[in-house]
Every structure is written in structure tokens, then in C-alpha cells.
file start26.cif (mmCIF, C-alpha atoms)
data_input
#
loop_
_atom_site.label_atom_id
_atom_site.label_comp_id
_atom_site.auth_asym_id
_atom_site.auth_seq_id
_atom_site.Cartn_x
_atom_site.Cartn_y
_atom_site.Cartn_z
CA HIS A 1 0.00 0.00 0.00
CA ARG A 2 2.72 2.45 -0.95
CA VAL A 3 4.51 4.11 -3.84
CA ASN A 4 8.29 3.76 -4.16
CA ARG A 5 10.42 6.33 -5.96
CA LEU A 6 13.83 5.06 -7.03
CA GLN A 7 16.56 7.33 -8.34
CA LEU A 8 18.54 4.70 -10.18
CA SER A 9 21.59 6.82 -10.97
CA ALA A 10 22.05 7.72 -7.31
CA LYS A 11 20.98 4.27 -6.08
CA SER A 12 18.53 5.75 -3.60
CA ALA A 13 14.82 5.48 -2.93
CA ARG A 14 11.96 7.34 -1.28
CA THR A 15 8.56 6.02 -0.39
CA ALA A 16 5.12 7.63 -0.25
CA ALA A 17 2.41 6.09 1.92
CA ASP A 18 4.62 3.59 3.73
CA PRO A 19 3.68 2.18 7.16
CA GLY A 20 7.11 3.03 8.62
CA VAL A 21 6.44 6.73 9.20
CA GLY A 22 9.64 8.75 9.38
CA ARG A 23 11.87 5.73 9.90
CA PRO A 24 14.77 4.63 7.67
CA ALA A 25 13.90 1.40 5.90
CA VAL A 26 16.55 -1.08 4.79
CA SER A 27 15.81 -3.22 1.76
CA VAL A 28 17.30 -6.72 1.96
CA ARG A 29 17.04 -7.15 -1.79
CA ARG A 30 18.40 -3.66 -2.48
CA PRO A 31 20.80 -2.77 0.33
CA TRP A 32 21.74 0.39 -1.56
CA ALA A 33 18.21 1.67 -0.74
CA SER A 34 18.98 1.88 2.97
CA ARG A 35 18.43 5.66 2.99
CA GLN A 36 14.81 5.19 2.07
CA THR A 37 12.33 7.48 3.90
CA ALA A 38 8.68 6.70 4.55
CA MET A 39 5.36 8.49 5.08
CA GLY A 40 1.70 7.55 5.33
CA GLY A 41 0.49 3.94 5.37
CA LEU A 42 -2.47 1.67 4.77
CA GLY A 43 -5.72 3.49 5.40
CA GLU A 44 -8.29 5.99 4.19
CA ALA A 45 -6.90 9.27 5.61
CA ASP A 46 -5.13 11.96 3.60
CA GLY A 47 -1.83 10.60 2.32
CA GLU A 48 -2.71 6.97 3.00
CA LEU A 49 -3.30 4.37 0.28
CA GLN A 50 -5.15 1.12 -0.18
CA ASP A 51 -4.28 -1.17 -3.08
CA PRO A 52 -2.65 1.40 -5.40
CA GLN A 53 -2.83 0.11 -8.96
CA ASP A 54 -1.42 2.73 -11.31
CA LEU A 55 0.19 6.15 -11.33
CA CYS A 56 1.15 8.98 -13.65
CA LEU A 57 3.25 12.11 -13.47
CA HIS A 58 1.97 15.44 -14.78
CA GLY A 59 3.81 18.69 -14.16
CA ASP A 60 4.91 18.73 -10.54
CA GLU A 61 2.30 16.25 -9.40
CA LEU A 62 1.96 12.49 -8.95
CA TYR A 63 -1.46 10.85 -9.43
CA VAL A 64 -2.14 7.44 -7.88
CA ALA A 65 -5.19 5.28 -8.64
CA GLU A 66 -6.41 3.53 -5.48
CA TRP A 67 -8.39 0.37 -6.07
CA GLY A 68 -9.39 -0.10 -2.43
CA ASN A 69 -10.27 3.51 -1.61
CA HIS A 70 -12.10 4.20 -4.90
CA ARG A 71 -10.23 7.43 -5.57
CA ILE A 72 -7.19 9.17 -7.03
CA SER A 73 -4.65 10.53 -4.54
CA VAL A 74 -2.45 13.41 -5.64
CA PHE A 75 1.04 14.04 -4.24
CA ASP A 76 3.79 16.55 -4.86
CA LYS A 77 6.25 14.55 -6.94
CA THR A 78 9.33 16.10 -5.30
CA SER A 79 8.45 16.15 -1.61
CA LEU A 80 5.86 13.30 -1.84
CA ALA A 81 3.57 15.46 0.30
CA PHE A 82 -0.14 14.71 -0.04
CA LEU A 83 -2.10 17.41 -1.90
CA ARG A 84 -5.71 16.29 -2.50
CA HIS A 85 -8.10 13.55 -3.56
CA ILE A 86 -9.97 13.21 -6.85
CA GLY A 87 -13.05 11.10 -7.50
CA CYS A 88 -14.08 10.26 -3.93
CA GLY A 89 -17.33 12.21 -4.00
CA ASP A 90 -20.93 11.18 -3.46
CA GLU A 91 -23.40 11.33 -6.33
CA ASP A 92 -23.92 15.05 -5.75
CA GLY A 93 -20.17 15.63 -6.01
CA SER A 94 -19.55 16.18 -2.29
CA GLU A 95 -16.54 14.67 -0.56
CA GLY A 96 -16.56 11.55 1.56
CA GLY A 97 -18.07 8.93 -0.72
CA GLU A 98 -16.96 5.31 -0.52
CA GLY A 99 -17.27 4.51 -4.19
CA GLY A 100 -20.26 3.86 -6.38
CA SER A 101 -21.67 4.29 -9.86
CA GLY A 102 -23.04 7.84 -9.67
CA PRO A 103 -21.52 10.86 -11.47
CA GLY A 104 -18.16 11.66 -9.91
CA GLN A 105 -17.91 8.32 -8.12
CA LEU A 106 -15.38 5.58 -8.85
CA ASP A 107 -15.58 1.84 -8.27
CA GLN A 108 -12.14 0.24 -7.96
CA PRO A 109 -10.22 2.50 -10.37
CA CYS A 110 -7.23 0.85 -11.96
CA GLY A 111 -5.66 3.33 -14.40
CA VAL A 112 -4.99 7.07 -14.51
CA ALA A 113 -3.59 9.48 -17.11
CA CYS A 114 -3.53 13.26 -17.58
CA ALA A 115 -3.95 15.49 -20.63
CA GLY A 116 -3.79 19.24 -20.19
CA GLU A 117 -6.03 20.17 -17.28
CA GLU A 118 -7.98 16.91 -17.28
CA VAL A 119 -7.50 13.63 -15.42
CA PHE A 120 -8.76 10.45 -17.12
CA VAL A 121 -9.50 7.45 -14.90
CA CYS A 122 -10.24 3.82 -15.76
CA ASP A 123 -13.33 3.35 -13.60
CA THR A 124 -12.84 -0.38 -13.82
CA TRP A 125 -15.89 -1.88 -12.15
CA ASN A 126 -18.17 0.75 -13.68
CA HIS A 127 -16.80 -0.16 -17.14
CA ARG A 128 -16.24 3.46 -18.12
CA ILE A 129 -13.74 6.29 -18.29
CA SER A 130 -14.37 9.15 -15.86
CA VAL A 131 -12.85 12.59 -16.43
CA PHE A 132 -12.07 15.18 -13.75
CA ASP A 133 -10.65 18.69 -13.61
CA ARG A 134 -7.01 18.38 -12.62
CA SER A 135 -6.85 21.37 -10.26
CA SER A 136 -10.24 21.33 -8.55
CA GLY A 137 -11.02 17.63 -8.82
CA ALA A 138 -14.49 18.46 -10.15
CA PHE A 139 -16.21 15.74 -12.16
CA LEU A 140 -16.50 16.70 -15.84
CA ARG A 141 -17.87 13.73 -17.79
CA SER A 142 -17.72 10.01 -18.32
CA PHE A 143 -18.06 7.76 -21.34
CA GLY A 144 -18.46 4.07 -21.96
CA ARG A 145 -20.53 1.28 -20.46
CA ARG A 146 -20.20 -2.48 -20.15
CA GLY A 147 -20.19 -4.24 -23.50
CA GLY A 148 -18.16 -5.46 -26.44
CA GLU A 149 -18.91 -2.79 -29.03
CA PRO A 150 -16.46 0.02 -29.89
CA GLY A 151 -16.64 2.63 -27.14
CA GLU A 152 -17.85 0.07 -24.60
CA PHE A 153 -15.60 -1.64 -22.05
CA ASN A 154 -15.13 -4.88 -20.15
CA TYR A 155 -13.02 -4.02 -17.10
CA PRO A 156 -10.82 -1.21 -18.45
CA CYS A 157 -7.51 -1.35 -16.60
CA GLY A 158 -4.78 0.71 -18.23
CA ILE A 159 -4.90 4.11 -19.89
CA GLU A 160 -2.37 6.22 -21.79
CA ILE A 161 -2.71 9.39 -23.87
CA ALA A 162 -0.71 10.20 -26.99
CA HIS A 163 -1.25 12.70 -29.81
CA GLY A 164 -4.71 13.64 -28.58
CA ARG A 165 -5.91 10.04 -28.39
CA ILE A 166 -6.76 7.84 -25.42
CA TYR A 167 -5.52 4.24 -25.41
CA VAL A 168 -7.36 1.91 -23.02
CA THR A 169 -6.57 -1.72 -22.20
CA GLU A 170 -9.37 -4.11 -21.23
CA ARG A 171 -8.81 -7.07 -18.97
CA THR A 172 -11.63 -9.47 -19.81
CA GLY A 173 -12.44 -7.49 -22.93
CA LYS A 174 -9.04 -8.66 -24.22
CA ARG A 175 -8.43 -5.68 -26.46
CA LEU A 176 -6.88 -2.24 -26.77
CA GLN A 177 -9.12 0.65 -27.79
CA ALA A 178 -8.16 4.05 -29.18
CA LEU A 179 -10.62 6.86 -28.53
CA SER A 180 -10.80 10.62 -28.83
CA LEU A 181 -10.52 12.74 -25.70
CA GLU A 182 -14.31 13.01 -25.77
CA GLY A 183 -14.72 9.22 -25.91
CA GLU A 184 -15.43 8.73 -29.61
CA PRO A 185 -14.19 5.24 -30.61
CA LEU A 186 -11.46 5.35 -33.26
CA GLN A 187 -9.83 1.92 -33.36
CA VAL A 188 -10.13 -1.50 -31.72
CA LEU A 189 -7.21 -3.94 -31.56
CA PRO A 190 -7.93 -7.47 -30.27
CA ALA A 191 -5.30 -8.81 -27.89
CA PRO A 192 -2.75 -11.19 -29.43
CA CYS A 193 -3.03 -14.73 -28.04
CA ASP A 194 -6.43 -13.90 -26.55
CA GLY A 195 -4.73 -12.35 -23.51
CA TRP A 196 -5.96 -10.11 -20.71
CA LEU A 197 -4.45 -6.67 -21.32
CA TYR A 198 -3.56 -4.68 -18.22
CA GLY A 199 -0.76 -2.11 -17.83
CA ILE A 200 0.19 0.39 -20.51
CA CYS A 201 2.81 3.12 -20.90
CA LEU A 202 4.23 5.29 -23.68
CA ASP A 203 7.95 5.73 -24.27
CA ALA A 204 9.86 8.59 -25.88
CA HIS A 205 9.82 6.84 -29.27
CA ASP A 206 6.01 6.74 -29.59
CA GLN A 207 5.80 3.09 -28.66
CA LEU A 208 3.08 1.71 -26.40
CA TRP A 209 4.14 -1.06 -24.03
CA VAL A 210 1.22 -3.25 -22.95
CA THR A 211 1.25 -6.11 -20.44
CA SER A 212 -0.77 -9.28 -20.98
CA SER A 213 -1.27 -10.55 -17.44
CA ASN A 214 -2.51 -14.07 -18.10
CA ARG A 215 -0.13 -14.65 -21.05
CA HIS A 216 2.88 -13.42 -19.07
CA CYS A 217 4.22 -11.20 -21.86
CA VAL A 218 4.56 -7.60 -23.01
CA HIS A 219 3.34 -6.30 -26.38
CA ILE A 220 4.94 -3.28 -28.09
CA LEU A 221 2.92 -1.15 -30.52
CA SER A 222 4.02 1.80 -32.64
CA VAL A 223 1.78 4.86 -32.28
CA ALA A 224 1.55 7.17 -35.27
CA ASP A 225 0.84 10.88 -34.86
CA PRO A 226 -2.42 11.43 -36.83
CA ASN A 227 -1.42 15.06 -37.39
CA ALA A 228 2.02 14.26 -38.80
CA ASP A 229 2.87 14.91 -42.43
CA ALA A 230 1.99 11.67 -44.25
CA THR A 231 4.72 12.33 -46.83
CA ARG A 232 7.54 12.02 -44.28
#
call {"tool": "encode", "arguments": {"input": "start26.cif", "output": "C-alpha cells"}}
result
Amino acid sequence: HRVNRLQLSAKSARTAADPGVGRPAVSVRRPWASRQTAMGGLGEADGELQDPQDLCLHGDELYVAEWGNHRISVFDKTSLAFLRHIGCGDEDGSEGGEGGSGPGQLDQPCGVACAGEEVFVCDTWNHRISVFDRSSGAFLRSFGRRGGEPGEFNYPCGIEIAHGRIYVTERTGKRLQALSLEGEPLQVLPAPCDGWLYGICLDAHDQLWVTSSNRHCVHILSVADPNADATR
């Protein structure tokens, strides 16, 4: 129930939301991480986490999708200080909800990505993508429902954004979907080997890396910029 930050070149590590508050933690597997610091822990309070599934960096902030707390927790990426929650509201948008299917609620979110001033969340058990304002946390819109048609989802898990498009992996849906930022379906790619697709990330060379959890492999896809000059 924590997030580890490793600075590989300096062989050091820091931890957000770790049960050992303020204490040095020595890693047996990585003895070079003995200067690790810790904060937070398992729970529901500000700065605590329960079953974190995914994270993304945007500007100076770190966004963590919490499966168990049905919310996104936001931290300062440098100090690891807790800043705010996103998506933990009741149906009327007020704070303090415990998850659900109403507008602004999340049910076991698994993926998170940012584009501009918007936060996109894989609302996994609601089979949809929910979108929030990055600064205020206000709910903006959602799209998708359970199903197998383009624009529908079966347990969306991973999300990445590139060139103005959203890429969403589906666990039991066994496919990768490309959609516009407004949720318009653009492309559907069935999973190779009929695998459950889960994690996804974009590298600096416009390649998407996608994990297939039950096939124990990683797929690599090239992402083309739709606005690029086709003659190049």
C-alpha cells in the first residue's frame, strides 16, 4: 500500500504512503536503498493508500489510482507530500463517498492518465472512463458502459494518452481501444493470443508497451501521430 520512488543513478529510494512513518527502511534485496524514507500507510486518511494500482506524473504532481479507496490521490512529486483527492465524492459531487456508480464516483479505479487540465481514470468496475478537472477535482464527464462494441468496455484497466488520443486496455475485454478525448471510438485492436491486457505506458519513441497478465508477456505497438505529415 505504498509508492516507491527510485533514483537509479544515485541508487537511492523514497517512499510515499509507507507504514514506517519517518523511519529509515533497509531493503534486503536492495541494500543500496537503505536511505529510504517513509510516510503515510495503509488506510483511508489523507496521504494513506489502499491497493494502489497505477500512477502517472503530470507537471509537478503524482497521481495514484487507489483500487481499495475508490479514488485518485495526488502528491507533490518532489516532496511526496499529499495534496488532494480526486473522485471520492458522493453522487452530488460532495466529498466523503466510498465509491459507487453515480456521477463523480469511482468503483475500484485501476488506471490514470492526464492530458492538459484533465485527469482520465479507468473506472474499472463501472466499465467506463471518468474525467475530472485536474486542479479542482471536479467531475467533468464520463463515457463508456459495459459491453463489447467500440466505445464500450469490459473491465478497463490501463490508460495512456498520446497525440490527442486515449488508449485503453481491457482485462476481460481482451483488447486495446483508441478513442478521442471526448470518448469517440477510433480503433479496436484485439489482444494477441487472446490475452488479458492490463498495464500500458508510452515511451519517448512513440511506442506503447502493454502487459498481458494471463499470457505473461509484453506487447509493443508503434503509435503514429495522426497530425504528422503523411509524406515524411
call {"tool": "closest_residue", "arguments": {"input": "start26.cif", "among": "A:Val3, A:Ile200, A:Val210, A:Val121", "to": "A:Glu48", "atoms": "only C-alpha atoms"}}
result
A:Val3
call {"tool": "residues_around", "arguments": {"input": "start26.cif", "residues": "A:Leu176", "least_positions_apart": "2", "cutoff": "7 Å", "atoms": "only C-alpha atoms", "output": "PyMOL selection string"}}
result
chain A and resi 167-170+178+188-191
call {"tool": "write_last_selection", "arguments": {"input": "start26.cif", "atoms": "C-alpha atoms", "output": "tab-separated table (two decimals), in the frame of the given file"}}
result
chain	number	residue	atom	x	y	z
A	167	TYR	CA	-5.52	4.24	-25.41
A	168	VAL	CA	-7.36	1.91	-23.02
A	169	THR	CA	-6.57	-1.72	-22.20
A	170	GLU	CA	-9.37	-4.11	-21.23
A	178	ALA	CA	-8.16	4.05	-29.18
A	188	VAL	CA	-10.13	-1.50	-31.72
A	189	LEU	CA	-7.21	-3.94	-31.56
A	190	PRO	CA	-7.93	-7.47	-30.27
A	191	ALA	CA	-5.30	-8.81	-27.89
call {"tool": "residues_near_point", "arguments": {"input": "start26.cif", "point": "(-14.9, -6.1, -15.2)", "cutoff": "6 Å", "atoms": "all atoms listed in the file", "output": "PDB file with C-alpha atoms, in the coordinates of the input"}}
result
ATOM      1  CA  TRP A 125     -15.890  -1.880 -12.150  1.00  0.00           C
ATOM      2  CA  ASN A 154     -15.130  -4.880 -20.150  1.00  0.00           C
ATOM      3  CA  TYR A 155     -13.020  -4.020 -17.100  1.00  0.00           C
TER       4      TYR A 155
END
call {"tool": "atom_distance", "arguments": {"input": "start26.cif", "atom1": "atom CA of A:Pro185", "atom2": "atom CA of A:Ser136"}}
result
27.6 Å
call {"tool": "atom_distance", "arguments": {"input": "start26.cif", "atom1": "atom CA of A:Ile72", "atom2": "atom CA of A:Arg84"}}
result
8.6 Å
call {"tool": "resolve_selection", "arguments": {"input": "start26.cif", "expression": "the PyMOL selection byres ((chain A and resi 165) around 8)", "output": "PDB file with C-alpha atoms, in the frame of the given file"}}
result
ATOM      1  CA  ILE A 161      -2.710   9.390 -23.870  1.00  0.00           C
ATOM      2  CA  ALA A 162      -0.710  10.200 -26.990  1.00  0.00           C
ATOM      3  CA  HIS A 163      -1.250  12.700 -29.810  1.00  0.00           C
ATOM      4  CA  GLY A 164      -4.710  13.640 -28.580  1.00  0.00           C
ATOM      5  CA  ILE A 166      -6.760   7.840 -25.420  1.00  0.00           C
ATOM      6  CA  TYR A 167      -5.520   4.240 -25.410  1.00  0.00           C
ATOM      7  CA  ALA A 178      -8.160   4.050 -29.180  1.00  0.00           C
ATOM      8  CA  LEU A 179     -10.620   6.860 -28.530  1.00  0.00           C
ATOM      9  CA  SER A 180     -10.800  10.620 -28.830  1.00  0.00           C
ATOM     10  CA  LEU A 181     -10.520  12.740 -25.700  1.00  0.00           C
TER      11      LEU A 181
END
call {"tool": "closest_residue", "arguments": {"input": "start26.cif", "among": "A:Val64, A:Ala204, A:Cys193, A:Val223", "to": "A:Asp51", "atoms": "all atoms listed in the file"}}
result
A:Val64
call {"tool": "atom_distance", "arguments": {"input": "start26.cif", "atom1": "atom CA of A:Cys88", "atom2": "atom CA of A:Glu117"}}
result
18.5 Å
call {"tool": "closest_residue", "arguments": {"input": "start26.cif", "among": "A:Glu182, A:Asp107, A:Asp60, A:Asp206", "to": "A:Gly151", "atoms": "all atoms listed in the file"}}
result
A:Glu182
call {"tool": "resolve_selection", "arguments": {"input": "start26.cif", "expression": "the PyMOL selection byres ((chain A and resi 220) around 6)", "output": "VMD selection string"}}
result
chain A and resid 208 to 209 219 221
call {"tool": "residues_near_point", "arguments": {"input": "start26.cif", "point": "(-9.9, -10.2, -19.7)", "cutoff": "7 Å", "atoms": "only C-alpha atoms", "output": "MDAnalysis selection string"}}
result
chainID A and resid 170:174 195:197
call {"tool": "write_last_selection", "arguments": {"input": "start26.cif", "atoms": "C-alpha atoms", "output": "CSV table (one decimal), keeping the file's coordinate frame"}}
result
chain,number,residue,atom,x,y,z
A,170,GLU,CA,-9.4,-4.1,-21.2
A,171,ARG,CA,-8.8,-7.1,-19.0
A,172,THR,CA,-11.6,-9.5,-19.8
A,173,GLY,CA,-12.4,-7.5,-22.9
A,174,LYS,CA,-9.0,-8.7,-24.2
A,195,GLY,CA,-4.7,-12.4,-23.5
A,196,TRP,CA,-6.0,-10.1,-20.7
A,197,LEU,CA,-4.4,-6.7,-21.3
call {"tool": "residues_around", "arguments": {"input": "start26.cif", "residues": "A:Asp76", "least_positions_apart": "2", "cutoff": "12 Å", "atoms": "all atoms listed in the file", "output": "MDAnalysis selection string"}}
result
chainID A and resid 16 47 56:64 73:74 78:84
call {"tool": "resolve_selection", "arguments": {"input": "start26.cif", "expression": "the PyMOL selection byres ((chain A and resi 110) around 10)", "output": "number ranges by chain"}}
result
A: 51-55, 64-68, 70-72, 106-109, 111-112, 121-125, 155-159, 198-199
